[in-house]
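Below is one structure, written out as structure tokens; comments come after it.
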Amino acid sequence: LPDGARIAVVGGGPAGVELALALAHRFGGRFRLALISQTPEPLAGAPAAARRAVRNAMAEAGLELASGVRAEAAREDLAVPNNAARASD
């Protein structure tokens, strides 16, 4: 992938959050990384302290968050959420 390419991780559960943070750690700013979560926030069922820690880690890692959306389709070059609500672009 070329520098600056966008990578979307779909799923705001533990596996999606872990993958998104691992990619951010590994590629550190080389790509635009986004987490797409159907729930209002990642790890929605986790304790408040865990959710807060994840939000902070994602912000520090520069991860974009599209919460409250469901990925409708995916192609090699695009993940398509079912609406345009985004935390950042």
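Chain labels run A, B, ... following the order of the structure tokens; each chain numbers its residues from 1, and ligands are numbered from 1 in the order shown.
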Filtered DSSP result for chain A, state strand (DSSP E), as JSON, numbers by chain: {"A": [6, 7, 8, 9, 10, 32, 33, 34, 35, 36, 37, 64, 65, 66, 67, 71, 72, 73, 74, 75, 78, 79, 80, 81]}
Distance query Val54 of chain A at most 10 Å, only C-alpha atoms, self and fewer than 2 positions along chain excluded, as a list in words: Pro14, Val17, Glu18, Leu21, Glu41, Pro42, Leu43, Ala48, Ala49, Ala50, Arg51, Arg52, Asn56, Ala57, Met58, Ala59 and Glu60 of chain A
Closest of A:Leu1, A:Ala44, A:Ala15, A:Ala61 to Gly29 of chain A - atom-to-atom distances counting only C-alpha atoms: A:Ala61
Every residue of chain A that DSSP places in helix (DSSP H, G or I), as a VMD selection string: chain A and resid 14 to 27 48 to 61
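Distance annotation: of A:Gly16, A:Gly62, A:Pro47, A:Gly11, the residue with the minimal separation from Leu33 of chain A is A:Gly62; atom set is only C-alpha atoms.
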Long-range neighbours of Ser37 of chain A as a VMD selection string, 12 Å cut-off, only C-alpha atoms, 3 positions minimum in chain: chain A and resid 8 to 17 20 34 40 to 44 64 to 72 81 to 82 85 to 87
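Among the candidates A:Phe31, A:Ala46, A:Gln38, A:Arg26, the one nearest to Pro2 of chain A when counting only C-alpha atoms is A:Phe31.
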